[in-house]
Amino acid sequence: MSNDIVICGAGMHAFGRFAAESYGDIGRVAAVAALRDADVSWCDIDAAYVSSMYLPATSGARILKPLGETGIPICNVEAACASGAVALLQAINGIRAGSIRLALVLGVEKMPRGFMDPGMIYEPWQIQMGLCTNPSYWALRARRHMYQFGTTEEHIARVAYKNHRNSVRNPYAMYRKEFSMEEILASTLVCDPIRLLEICAPNEGAAAVVVGAADEVNAREGMPVIAACVHTVAGYAADWRGPMAGISAAGGHGVSPTTATSRRAYEQAGMGPEEIDCFEVQDTDAFCELEAYEELGLCQAGESGKLVEKGATEIGGCFPVNVSGGLVSKGEPIGASHLGQLVELVWQLRGEAGERQVRNAKTGLAHVLGVGGNCGVTIIKV
Amino acid sequence: MLQRSLYEPILTSKLEPDGAWSLVGRRCFACGATDVGASEWCARCGATGGELFALPTAGVLWSYTIVRHRPPGDCRLPEPFEGLAVGLVELNGVRVLAPLQVPFGELEIGMPLSMEVHPLYEEPDGTAVMSFQFRATPVGAVE
């Protein structure tokens, strides 16, 4: 008998812009792909958890009921960029509690172009003062990192260069276009020092997994097991509370949400970063990925610039990060981003990632971080 | 001219004896933590009960960025938009996010800054809605 929860199937709708498809169409493509991959039918699913940030009320039921009105619970989940992790966590808890056997976890999004609607996450006074440009929160951290550790604009651009290049091999990414370092460093400044080609675009897409208890669902050889799934929101003085009015600097920094969340995830999984074969991490912008290297324990504080410079996070490096192209080149359909990371990792762990396959990948970590300091980390293994 | 704060829990004229504008600090009676903004509960320990105090107007730049495109939504900054410097300003133990009225080429981490208030916009009845920003402290200025 094992308490393991396995990912029986995974499926995706590409991330990008799809004017002719409704969010329902997009969501059903991913859901049906995951069900087929798991070799189960919609009627076998006991509960569905649907993550999104931009969709209307009961969108989960509206997406899934056309597959058959089976009367199961279908609920919507939202926790900013960590929405997908929270949806997965609901499924895990339901399975562990014994109330469900097989769950569908689906992330779906169809976001308008350009900057996100600030009214969703900022107070009116912050919007009136102009303190509501999302990349500015990362940019402040990037500038401080450069000052404190000597990180350079080239280090930041190197992340975007790597991710854009990786995405050429990913048919599910939005851009799939390689850019030179020169092109990246010459692209428009959005919030100094962050540039347009270093930033992710809100977009559309969906990703889904079917999960169940290993001894209940005829787990097959090679099905990835969920080793850890943790969600936290930044604590006091955690230094990442955007949108923020202020943070306390007294007594140094609190523990960042990525550090706090990944520590718990490593503990749950019984493994550390050195035992993870591939990482899919939040790269809202290229600096954000550098920060994740340090806070996930891939290197010491201040060393992330050097890590990317020496190629350690390339597909053939010791810590392959965002071989899918990351959000910088896939785009960020917020409710779907974490599940998109997981689907990529499932393919990697099953050896089905084609041209972008990380050799002999047995473990993977997915990380998201966003508004309010919402952070999610999921670790899977085979 | 009548004035009001854009957002009283952060910017107020009620803490200084002479009615001068200040940013709002809060010190928790239970754990001693300080934070920015009036709140019933302490951000660190959750206890109620704390004192509000005027944060110092002099601070030091901790980090900055320049927002190059007009911020989205109901932004009240003047047209044409020519970029907005935004910084985290360290004020005696807390950091406050604020617009910076500093020429972009002169922005430097560690530079001394002073808080000032200014009318962001006017309400239909003529009341000036006051906001805050930081400006470089002139060399040799005495606090």
# chains A, B, ... in the order shown; residues from 1 in each chain; ligands from 1

call {"tool": "residues_around", "arguments": {"residues": "Val50 of chain A", "least_positions_apart": "3", "cutoff": "8 Å", "atoms": "only C-alpha atoms", "output": "PyMOL selection string"}}
result
chain A and resi 60+74-77+84+87+105-108

call {"tool": "write_last_selection", "arguments": {"atoms": "N, CA and C atoms", "output": "PDB file, in the first residue's frame"}}
result
ATOM      1  N   GLY A  60     -15.282  27.101 -14.509  1.00  0.00           N
ATOM      2  CA  GLY A  60     -14.881  25.694 -14.517  1.00  0.00           C
ATOM      3  C   GLY A  60     -16.022  24.800 -14.962  1.00  0.00           C
ATOM      4  N   ILE A  74     -17.353  20.612  -9.292  1.00  0.00           N
ATOM      5  CA  ILE A  74     -16.387  21.327 -10.144  1.00  0.00           C
ATOM      6  C   ILE A  74     -16.217  22.691  -9.500  1.00  0.00           C
ATOM      7  N   CYS A  75     -15.025  23.019  -9.069  1.00  0.00           N
ATOM      8  CA  CYS A  75     -14.900  24.321  -8.433  1.00  0.00           C
ATOM      9  C   CYS A  75     -13.755  25.127  -8.990  1.00  0.00           C
ATOM     10  N   ASN A  76     -13.914  26.443  -8.898  1.00  0.00           N
ATOM     11  CA  ASN A  76     -12.899  27.376  -9.380  1.00  0.00           C
ATOM     12  C   ASN A  76     -11.968  27.761  -8.260  1.00  0.00           C
ATOM     13  N   VAL A  77     -10.699  27.930  -8.608  1.00  0.00           N
ATOM     14  CA  VAL A  77      -9.674  28.232  -7.624  1.00  0.00           C
ATOM     15  C   VAL A  77      -8.849  29.410  -8.131  1.00  0.00           C
ATOM     16  N   GLY A  84      -2.696  27.501 -10.091  1.00  0.00           N
ATOM     17  CA  GLY A  84      -2.627  26.104 -10.515  1.00  0.00           C
ATOM     18  C   GLY A  84      -2.148  25.190  -9.404  1.00  0.00           C
ATOM     19  N   ALA A  87      -5.030  24.641  -7.026  1.00  0.00           N
ATOM     20  CA  ALA A  87      -6.011  23.702  -7.580  1.00  0.00           C
ATOM     21  C   ALA A  87      -5.515  22.263  -7.411  1.00  0.00           C
ATOM     22  N   VAL A 105      -7.457  18.285 -12.809  1.00  0.00           N
ATOM     23  CA  VAL A 105      -7.016  19.630 -12.416  1.00  0.00           C
ATOM     24  C   VAL A 105      -6.693  20.375 -13.705  1.00  0.00           C
ATOM     25  N   LEU A 106      -7.392  21.475 -13.905  1.00  0.00           N
ATOM     26  CA  LEU A 106      -7.311  22.189 -15.180  1.00  0.00           C
ATOM     27  C   LEU A 106      -7.007  23.666 -14.918  1.00  0.00           C
ATOM     28  N   GLY A 107      -6.041  24.210 -15.608  1.00  0.00           N
ATOM     29  CA  GLY A 107      -5.773  25.652 -15.556  1.00  0.00           C
ATOM     30  C   GLY A 107      -6.127  26.255 -16.895  1.00  0.00           C
ATOM     31  N   VAL A 108      -6.888  27.327 -16.890  1.00  0.00           N
ATOM     32  CA  VAL A 108      -7.348  27.938 -18.146  1.00  0.00           C
ATOM     33  C   VAL A 108      -7.262  29.450 -18.025  1.00  0.00           C
TER      34      VAL A 108
END

call {"tool": "select_by_dssp", "arguments": {"residues": "segment 212-374 of chain A", "states": "strand (DSSP E or B)", "output": "short mmCIF file (atom, residue, chain, number, x, y, z; two decimals) with N, CA and C atoms, in the first residue's frame"}}
result
data_model
loop_
_atom_site.label_atom_id
_atom_site.label_comp_id
_atom_site.auth_asym_id
_atom_site.auth_seq_id
_atom_site.Cartn_x
_atom_site.Cartn_y
_atom_site.Cartn_z
N GLY A 212 -4.60 10.74 -9.26
CA GLY A 212 -5.33 9.77 -8.44
C GLY A 212 -4.39 9.07 -7.47
N ALA A 213 -4.96 8.34 -6.51
CA ALA A 213 -4.15 7.58 -5.56
C ALA A 213 -3.55 6.38 -6.28
N VAL A 225 4.96 10.57 -9.89
CA VAL A 225 4.34 10.68 -8.57
C VAL A 225 4.53 12.11 -8.07
N ILE A 226 3.51 12.65 -7.40
CA ILE A 226 3.67 13.98 -6.80
C ILE A 226 4.40 13.82 -5.48
N ALA A 227 5.64 14.33 -5.44
CA ALA A 227 6.46 14.18 -4.25
C ALA A 227 6.20 15.31 -3.26
N ALA A 228 5.76 16.45 -3.76
CA ALA A 228 5.46 17.59 -2.89
C ALA A 228 4.61 18.60 -3.64
N CYS A 229 3.74 19.26 -2.91
CA CYS A 229 2.98 20.38 -3.48
C CYS A 229 2.68 21.34 -2.34
N VAL A 230 3.23 22.55 -2.42
CA VAL A 230 3.13 23.51 -1.32
C VAL A 230 2.73 24.88 -1.86
N HIS A 231 1.85 25.52 -1.14
CA HIS A 231 1.47 26.91 -1.47
C HIS A 231 1.64 27.76 -0.22
N THR A 232 2.26 28.93 -0.37
CA THR A 232 2.31 29.89 0.74
C THR A 232 2.11 31.29 0.18
N VAL A 233 1.76 32.18 1.09
CA VAL A 233 1.70 33.61 0.76
C VAL A 233 2.76 34.29 1.62
N GLY A 246 4.56 49.52 1.58
CA GLY A 246 5.82 49.58 2.29
C GLY A 246 6.18 48.21 2.81
N ILE A 247 7.45 48.04 3.15
CA ILE A 247 7.85 46.81 3.82
C ILE A 247 8.75 47.20 4.97
N SER A 248 8.79 46.39 5.98
CA SER A 248 9.65 46.67 7.10
C SER A 248 11.05 46.19 6.78
N CYS A 278 15.18 18.66 -13.58
CA CYS A 278 14.76 19.80 -14.42
C CYS A 278 13.79 20.68 -13.66
N PHE A 279 13.91 21.97 -13.94
CA PHE A 279 13.14 22.99 -13.23
C PHE A 279 12.32 23.80 -14.23
N GLU A 280 11.08 24.08 -13.87
CA GLU A 280 10.29 25.07 -14.59
C GLU A 280 9.97 26.14 -13.55
N ASP A 285 9.76 38.01 -15.55
CA ASP A 285 10.78 38.64 -16.36
C ASP A 285 12.06 37.87 -16.11
N VAL A 321 16.91 24.81 -16.48
CA VAL A 321 15.77 25.62 -16.04
C VAL A 321 15.01 26.12 -17.27
N GLU A 332 2.25 34.09 -20.26
CA GLU A 332 1.74 33.68 -18.97
C GLU A 332 0.22 33.77 -18.88
N THR A 363 13.32 13.54 -11.97
CA THR A 363 12.68 14.43 -10.99
C THR A 363 12.52 15.80 -11.62
N GLY A 364 11.47 16.51 -11.21
CA GLY A 364 11.26 17.86 -11.74
C GLY A 364 10.59 18.74 -10.70
N LEU A 365 10.90 20.03 -10.78
CA LEU A 365 10.32 21.01 -9.84
C LEU A 365 9.68 22.13 -10.63
N ALA A 366 8.43 22.47 -10.27
CA ALA A 366 7.72 23.60 -10.88
C ALA A 366 7.50 24.67 -9.82
N HIS A 367 7.76 25.92 -10.20
CA HIS A 367 7.70 27.03 -9.23
C HIS A 367 6.98 28.22 -9.85
N VAL A 368 6.04 28.77 -9.11
CA VAL A 368 5.36 30.00 -9.53
C VAL A 368 5.34 30.99 -8.37
N LEU A 369 5.34 32.28 -8.72
CA LEU A 369 5.34 33.35 -7.71
C LEU A 369 4.68 34.57 -8.30
N GLY A 370 3.76 35.16 -7.55
CA GLY A 370 3.10 36.35 -8.11
C GLY A 370 2.49 37.24 -7.06
N ASN A 374 2.09 35.25 -3.53
CA ASN A 374 1.56 33.90 -3.69
C ASN A 374 2.60 33.02 -4.37
#

call {"tool": "atom_distance", "arguments": {"atom1": "atom CA of Cys75 of chain B", "atom2": "atom CA of Cys132 of chain A"}}
result
8.9 Å

call {"tool": "residues_around", "arguments": {"residues": "segment 68-74 of chain B", "least_positions_apart": "2", "cutoff": "7 Å", "atoms": "only C-alpha atoms", "output": "PDB file with C-alpha atoms, in the first residue's frame"}}
result
ATOM      1  CA  PHE A 115      -0.838  45.373 -19.098  1.00  0.00           C
ATOM      2  CA  ASP A 117      -6.208  45.475 -15.445  1.00  0.00           C
ATOM      3  CA  PRO A 118      -4.695  47.150 -12.361  1.00  0.00           C
ATOM      4  CA  ILE A 127      -3.404  53.306  -9.488  1.00  0.00           C
ATOM      5  CA  GLN A 128      -3.884  57.089  -9.323  1.00  0.00           C
ATOM      6  CA  GLY A 130       0.956  55.364 -11.093  1.00  0.00           C
ATOM      7  CA  CYS A 132       0.652  49.867 -10.612  1.00  0.00           C
ATOM      8  CA  THR A 133       3.002  48.759 -13.384  1.00  0.00           C
ATOM      9  CA  LEU A 189      13.087  49.487 -21.668  1.00  0.00           C
ATOM     10  CA  VAL A 190       9.828  48.764 -19.853  1.00  0.00           C
ATOM     11  CA  CYS A 191      10.958  49.368 -16.271  1.00  0.00           C
TER      12      CYS A 191
ATOM     13  CA  ILE B  66      11.919  54.054 -14.223  1.00  0.00           C
ATOM     14  CA  ARG B  76      -3.610  60.836 -12.552  1.00  0.00           C
ATOM     15  CA  PHE B  81       3.880  61.031 -19.767  1.00  0.00           C
ATOM     16  CA  GLY B  83       8.491  58.308 -17.523  1.00  0.00           C
ATOM     17  CA  LEU B  84       8.079  57.903 -13.785  1.00  0.00           C
TER      18      LEU B  84
END

call {"tool": "interface_residues", "arguments": {"of": "chain B", "to": "chain A", "cutoff": "8 Å", "atoms": "only C-alpha atoms", "output": "ChimeraX atom specification"}}
result
/B:6-7,34-37,43-44,62-77,86-88,90,93-99,109,120,131

call {"tool": "atom_distance", "arguments": {"atom1": "atom CA of Tyr175 of chain A", "atom2": "atom CA of Ser52 of chain A"}}
result
22.1 Å

call {"tool": "closest_residue", "arguments": {"among": "A:Ser22, A:Thr378, A:Ser337, A:Thr284", "to": "Ser51 of chain A", "atoms": "only C-alpha atoms"}}
result
A:Ser337

call {"tool": "select_by_dssp", "arguments": {"residues": "segment 126-285 of chain A", "states": "alpha helix (DSSP H)", "output": "PyMOL selection string"}}
result
chain A and resi 126-129+134-149+153-167+181-186+257-269

call {"tool": "write_last_selection", "arguments": {"atoms": "N, CA and C atoms", "output": "compact mmCIF listing (two decimals), in the first residue's frame"}}
result
# COMPACT_ATOMS: atom_id res chain seq x y z
N GLN A 126 -3.18 53.64 -5.35
CA GLN A 126 -1.94 53.19 -5.99
C GLN A 126 -2.02 53.39 -7.50
N ILE A 127 -3.20 53.14 -8.04
CA ILE A 127 -3.40 53.31 -9.49
C ILE A 127 -3.30 54.79 -9.85
N GLN A 128 -3.92 55.66 -9.03
CA GLN A 128 -3.88 57.09 -9.32
C GLN A 128 -2.46 57.64 -9.27
N MET A 129 -1.64 57.12 -8.35
CA MET A 129 -0.25 57.58 -8.24
C MET A 129 0.65 56.99 -9.32
N ASN A 134 3.16 46.35 -13.19
CA ASN A 134 3.67 45.12 -12.56
C ASN A 134 5.19 44.93 -12.65
N PRO A 135 5.79 45.10 -13.83
CA PRO A 135 7.24 44.81 -13.88
C PRO A 135 8.06 45.71 -12.96
N SER A 136 7.50 46.82 -12.49
CA SER A 136 8.29 47.73 -11.65
C SER A 136 8.69 47.05 -10.34
N TYR A 137 7.87 46.14 -9.87
CA TYR A 137 8.19 45.48 -8.59
C TYR A 137 9.41 44.57 -8.73
N TRP A 138 9.50 43.89 -9.88
CA TRP A 138 10.69 43.06 -10.13
C TRP A 138 11.88 43.94 -10.44
N ALA A 139 11.62 45.03 -11.18
CA ALA A 139 12.71 45.90 -11.60
C ALA A 139 13.43 46.49 -10.39
N LEU A 140 12.68 46.85 -9.36
CA LEU A 140 13.29 47.38 -8.13
C LEU A 140 14.22 46.34 -7.52
N ARG A 141 13.79 45.10 -7.54
CA ARG A 141 14.61 44.03 -6.96
C ARG A 141 15.83 43.77 -7.84
N ALA A 142 15.62 43.86 -9.16
CA ALA A 142 16.74 43.65 -10.09
C ALA A 142 17.81 44.72 -9.86
N ARG A 143 17.38 45.98 -9.77
CA ARG A 143 18.33 47.08 -9.60
C ARG A 143 19.11 46.92 -8.29
N ARG A 144 18.42 46.53 -7.24
CA ARG A 144 19.10 46.33 -5.96
C ARG A 144 20.11 45.18 -6.03
N HIS A 145 19.72 44.12 -6.74
CA HIS A 145 20.59 42.96 -6.90
C HIS A 145 21.87 43.35 -7.65
N MET A 146 21.70 44.17 -8.67
CA MET A 146 22.85 44.64 -9.45
C MET A 146 23.79 45.45 -8.55
N TYR A 147 23.20 46.30 -7.72
CA TYR A 147 23.98 47.15 -6.82
C TYR A 147 24.72 46.31 -5.78
N GLN A 148 24.00 45.34 -5.24
CA GLN A 148 24.53 44.58 -4.10
C GLN A 148 25.54 43.51 -4.54
N PHE A 149 25.27 42.88 -5.69
CA PHE A 149 26.07 41.70 -6.06
C PHE A 149 26.84 41.85 -7.38
N GLU A 153 23.24 43.75 -16.62
CA GLU A 153 22.14 43.66 -17.58
C GLU A 153 22.35 42.47 -18.52
N GLU A 154 23.61 42.14 -18.79
CA GLU A 154 23.90 40.98 -19.64
C GLU A 154 23.46 39.68 -18.96
N HIS A 155 23.66 39.58 -17.65
CA HIS A 155 23.20 38.39 -16.92
C HIS A 155 21.69 38.22 -17.08
N ILE A 156 20.99 39.33 -16.94
CA ILE A 156 19.53 39.28 -17.05
C ILE A 156 19.13 38.89 -18.48
N ALA A 157 19.79 39.54 -19.44
CA ALA A 157 19.47 39.25 -20.85
C ALA A 157 19.78 37.79 -21.19
N ARG A 158 20.80 37.23 -20.55
CA ARG A 158 21.21 35.85 -20.83
C ARG A 158 20.06 34.87 -20.53
N VAL A 159 19.29 35.15 -19.50
CA VAL A 159 18.13 34.30 -19.17
C VAL A 159 17.10 34.36 -20.30
N ALA A 160 16.82 35.57 -20.77
CA ALA A 160 15.84 35.71 -21.85
C ALA A 160 16.36 35.03 -23.11
N TYR A 161 17.65 35.19 -23.38
CA TYR A 161 18.28 34.56 -24.55
C TYR A 161 18.09 33.05 -24.49
N LYS A 162 18.39 32.47 -23.33
CA LYS A 162 18.25 31.02 -23.15
C LYS A 162 16.80 30.57 -23.33
N ASN A 163 15.88 31.27 -22.69
CA ASN A 163 14.49 30.82 -22.72
C ASN A 163 13.87 30.97 -24.11
N HIS A 164 14.14 32.09 -24.77
CA HIS A 164 13.62 32.25 -26.13
C HIS A 164 14.18 31.16 -27.04
N ARG A 165 15.47 30.86 -26.88
CA ARG A 165 16.07 29.83 -27.72
C ARG A 165 15.47 28.46 -27.43
N ASN A 166 15.25 28.16 -26.15
CA ASN A 166 14.62 26.87 -25.80
C ASN A 166 13.23 26.74 -26.42
N SER A 167 12.51 27.85 -26.49
CA SER A 167 11.11 27.78 -26.92
C SER A 167 10.97 27.40 -28.39
N MET A 181 21.61 38.23 -28.14
CA MET A 181 21.85 39.07 -26.96
C MET A 181 21.72 40.55 -27.33
N GLU A 182 22.24 40.90 -28.51
CA GLU A 182 22.19 42.31 -28.95
C GLU A 182 20.73 42.76 -29.11
N GLU A 183 19.92 41.90 -29.73
CA GLU A 183 18.51 42.28 -29.93
C GLU A 183 17.80 42.44 -28.58
N ILE A 184 18.09 41.55 -27.65
CA ILE A 184 17.44 41.62 -26.34
C ILE A 184 17.86 42.90 -25.62
N LEU A 185 19.17 43.19 -25.64
CA LEU A 185 19.67 44.37 -24.93
C LEU A 185 19.32 45.67 -25.63
N ALA A 186 18.87 45.57 -26.89
CA ALA A 186 18.45 46.79 -27.60
C ALA A 186 16.94 46.95 -27.57
N PRO A 257 9.04 34.33 -0.11
CA PRO A 257 8.05 33.27 -0.34
C PRO A 257 8.62 32.06 -1.09
N THR A 258 9.52 32.31 -2.04
CA THR A 258 10.10 31.18 -2.78
C THR A 258 10.97 30.32 -1.85
N THR A 259 11.74 30.97 -1.00
CA THR A 259 12.57 30.22 -0.06
C THR A 259 11.69 29.42 0.90
N ALA A 260 10.69 30.08 1.46
CA ALA A 260 9.82 29.42 2.44
C ALA A 260 9.09 28.24 1.82
N THR A 261 8.57 28.44 0.61
CA THR A 261 7.77 27.40 -0.04
C THR A 261 8.64 26.23 -0.49
N SER A 262 9.79 26.55 -1.08
CA SER A 262 10.63 25.46 -1.60
C SER A 262 11.25 24.65 -0.46
N ARG A 263 11.57 25.31 0.64
CA ARG A 263 12.10 24.55 1.79
C ARG A 263 11.12 23.47 2.23
N ARG A 264 9.86 23.88 2.33
CA ARG A 264 8.84 22.90 2.74
C ARG A 264 8.66 21.82 1.69
N ALA A 265 8.74 22.21 0.42
CA ALA A 265 8.57 21.23 -0.65
C ALA A 265 9.73 20.22 -0.67
N TYR A 266 10.95 20.72 -0.49
CA TYR A 266 12.11 19.81 -0.45
C TYR A 266 11.97 18.85 0.72
N GLU A 267 11.47 19.36 1.82
CA GLU A 267 11.31 18.51 3.01
C GLU A 267 10.26 17.43 2.75
N GLN A 268 9.12 17.84 2.19
CA GLN A 268 8.07 16.87 1.85
C GLN A 268 8.58 15.79 0.91
N ALA A 269 9.36 16.24 -0.09
CA ALA A 269 9.81 15.32 -1.13
C ALA A 269 11.00 14.49 -0.66

call {"tool": "closest_residue", "arguments": {"among": "A:Cys375, A:Ala14, A:Leu339, A:Val382", "to": "Arg176 of chain A", "atoms": "only C-alpha atoms"}}
result
A:Ala14

call {"tool": "residues_around", "arguments": {"residues": "Gly311 of chain A", "least_positions_apart": "4", "cutoff": "10 Å", "atoms": "only C-alpha atoms", "output": "PDB file with N, CA and C atoms, in the first residue's frame"}}
result
ATOM      1  N   ARG A 158      20.802  37.235 -20.553  1.00  0.00           N
ATOM      2  CA  ARG A 158      21.205  35.848 -20.825  1.00  0.00           C
ATOM      3  C   ARG A 158      20.057  34.865 -20.534  1.00  0.00           C
ATOM      4  N   VAL A 159      19.289  35.154 -19.505  1.00  0.00           N
ATOM      5  CA  VAL A 159      18.131  34.302 -19.166  1.00  0.00           C
ATOM      6  C   VAL A 159      17.103  34.358 -20.295  1.00  0.00           C
ATOM      7  N   LYS A 162      18.386  32.470 -23.334  1.00  0.00           N
ATOM      8  CA  LYS A 162      18.252  31.016 -23.147  1.00  0.00           C
ATOM      9  C   LYS A 162      16.796  30.569 -23.333  1.00  0.00           C
ATOM     10  N   LYS A 306      26.309  34.592 -12.261  1.00  0.00           N
ATOM     11  CA  LYS A 306      27.420  33.709 -12.672  1.00  0.00           C
ATOM     12  C   LYS A 306      26.883  32.346 -13.097  1.00  0.00           C
ATOM     13  N   LEU A 307      25.821  31.885 -12.418  1.00  0.00           N
ATOM     14  CA  LEU A 307      25.254  30.572 -12.731  1.00  0.00           C
ATOM     15  C   LEU A 307      24.749  30.525 -14.176  1.00  0.00           C
ATOM     16  N   ILE A 315      19.903  23.520 -21.139  1.00  0.00           N
ATOM     17  CA  ILE A 315      19.328  22.174 -21.198  1.00  0.00           C
ATOM     18  C   ILE A 315      20.362  21.088 -20.870  1.00  0.00           C
ATOM     19  N   GLY A 316      21.635  21.315 -21.204  1.00  0.00           N
ATOM     20  CA  GLY A 316      22.664  20.322 -20.900  1.00  0.00           C
ATOM     21  C   GLY A 316      23.438  20.624 -19.621  1.00  0.00           C
ATOM     22  N   GLY A 317      23.037  21.658 -18.897  1.00  0.00           N
ATOM     23  CA  GLY A 317      23.752  22.047 -17.688  1.00  0.00           C
ATOM     24  C   GLY A 317      23.360  21.203 -16.489  1.00  0.00           C
ATOM     25  N   CYS A 318      23.930  21.533 -15.312  1.00  0.00           N
ATOM     26  CA  CYS A 318      23.628  20.705 -14.138  1.00  0.00           C
ATOM     27  C   CYS A 318      22.248  21.031 -13.557  1.00  0.00           C
ATOM     28  N   PHE A 319      21.723  22.222 -13.840  1.00  0.00           N
ATOM     29  CA  PHE A 319      20.365  22.587 -13.390  1.00  0.00           C
ATOM     30  C   PHE A 319      19.567  23.119 -14.583  1.00  0.00           C
ATOM     31  N   PRO A 320      19.040  22.267 -15.434  1.00  0.00           N
ATOM     32  CA  PRO A 320      18.279  22.795 -16.580  1.00  0.00           C
ATOM     33  C   PRO A 320      17.022  23.535 -16.094  1.00  0.00           C
TER      34      PRO A 320
END

call {"tool": "residues_around", "arguments": {"residues": "segment 43-49 of chain A", "least_positions_apart": "5", "cutoff": "10 Å", "atoms": "only C-alpha atoms", "output": "PDB file with C-alpha atoms, in the first residue's frame"}}
result
ATOM      1  CA  LEU A  35      -8.218  12.401 -20.073  1.00  0.00           C
ATOM      2  CA  GLY A  60     -14.881  25.694 -14.517  1.00  0.00           C
ATOM      3  CA  ALA A  61     -18.347  24.197 -14.719  1.00  0.00           C
ATOM      4  CA  LEU A  64     -16.415  21.055 -18.348  1.00  0.00           C
ATOM      5  CA  LEU A  67     -18.230  17.005 -21.704  1.00  0.00           C
ATOM      6  CA  GLY A  68     -21.177  15.462 -19.859  1.00  0.00           C
ATOM      7  CA  GLU A  69     -23.314  16.616 -16.946  1.00  0.00           C
ATOM      8  CA  THR A  70     -22.070  13.964 -14.561  1.00  0.00           C
ATOM      9  CA  GLY A  71     -22.976  15.825 -11.369  1.00  0.00           C
ATOM     10  CA  ILE A  72     -19.472  15.869  -9.875  1.00  0.00           C
ATOM     11  CA  PRO A  73     -18.152  18.822  -7.885  1.00  0.00           C
ATOM     12  CA  ILE A  74     -16.387  21.327 -10.144  1.00  0.00           C
ATOM     13  CA  CYS A  75     -14.900  24.321  -8.433  1.00  0.00           C
ATOM     14  CA  ASN A  76     -12.899  27.376  -9.380  1.00  0.00           C
ATOM     15  CA  VAL A  77      -9.674  28.232  -7.624  1.00  0.00           C
ATOM     16  CA  GLY A  84      -2.627  26.104 -10.515  1.00  0.00           C
ATOM     17  CA  VAL A  86      -3.659  25.560  -5.241  1.00  0.00           C
ATOM     18  CA  ALA A  87      -6.011  23.702  -7.580  1.00  0.00           C
ATOM     19  CA  LEU A  88      -3.662  20.717  -7.541  1.00  0.00           C
ATOM     20  CA  LEU A  89      -3.459  20.905  -3.768  1.00  0.00           C
ATOM     21  CA  GLN A  90      -7.261  20.698  -3.515  1.00  0.00           C
ATOM     22  CA  ALA A  91      -7.207  17.524  -5.595  1.00  0.00           C
ATOM     23  CA  GLY A  94      -9.497  15.339  -1.622  1.00  0.00           C
ATOM     24  CA  ILE A  95      -7.757  12.146  -2.682  1.00  0.00           C
ATOM     25  CA  SER A  99     -13.538  11.362  -0.783  1.00  0.00           C
ATOM     26  CA  ILE A 100     -12.390  11.193  -4.398  1.00  0.00           C
ATOM     27  CA  ARG A 101     -10.500   8.636  -6.423  1.00  0.00           C
ATOM     28  CA  LEU A 102      -9.662  10.436  -9.607  1.00  0.00           C
ATOM     29  CA  ALA A 103      -9.527  14.199 -10.124  1.00  0.00           C
ATOM     30  CA  LEU A 104      -9.063  16.486 -13.076  1.00  0.00           C
ATOM     31  CA  VAL A 105      -7.016  19.630 -12.416  1.00  0.00           C
ATOM     32  CA  LEU A 106      -7.311  22.189 -15.180  1.00  0.00           C
ATOM     33  CA  GLY A 107      -5.773  25.652 -15.556  1.00  0.00           C
ATOM     34  CA  ALA A 208      -4.503  19.829 -17.313  1.00  0.00           C
ATOM     35  CA  VAL A 210      -5.504  13.757 -14.146  1.00  0.00           C
ATOM     36  CA  VAL A 211      -4.398  12.659 -10.683  1.00  0.00           C
ATOM     37  CA  GLY A 212      -5.328   9.769  -8.441  1.00  0.00           C
TER      38      GLY A 212
END

call {"tool": "atom_distance", "arguments": {"atom1": "atom CA of Pro202 of chain A", "atom2": "atom CA of Pro78 of chain B"}}
result
27.3 Å

call {"tool": "residues_around", "arguments": {"residues": "Gly205 of chain A", "least_positions_apart": "2", "cutoff": "9 Å", "atoms": "only C-alpha atoms", "output": "list in words"}}
result
Met12, His13, Ala14, Phe15, Gly16, Arg17, Phe18, Tyr23, Ile26, Gly27, Ala30, Gly107, Val108, Glu109, Lys110, Asn203, Ala207, Gly331, Glu332, Pro333, Gly335, Ala336, Ser337 and Gly340 of chain A

call {"tool": "closest_residue", "arguments": {"among": "A:Val32, A:Ala286, A:Ala292, A:Leu349", "to": "Leu196 of chain A", "atoms": "only C-alpha atoms"}}
result
A:Ala286
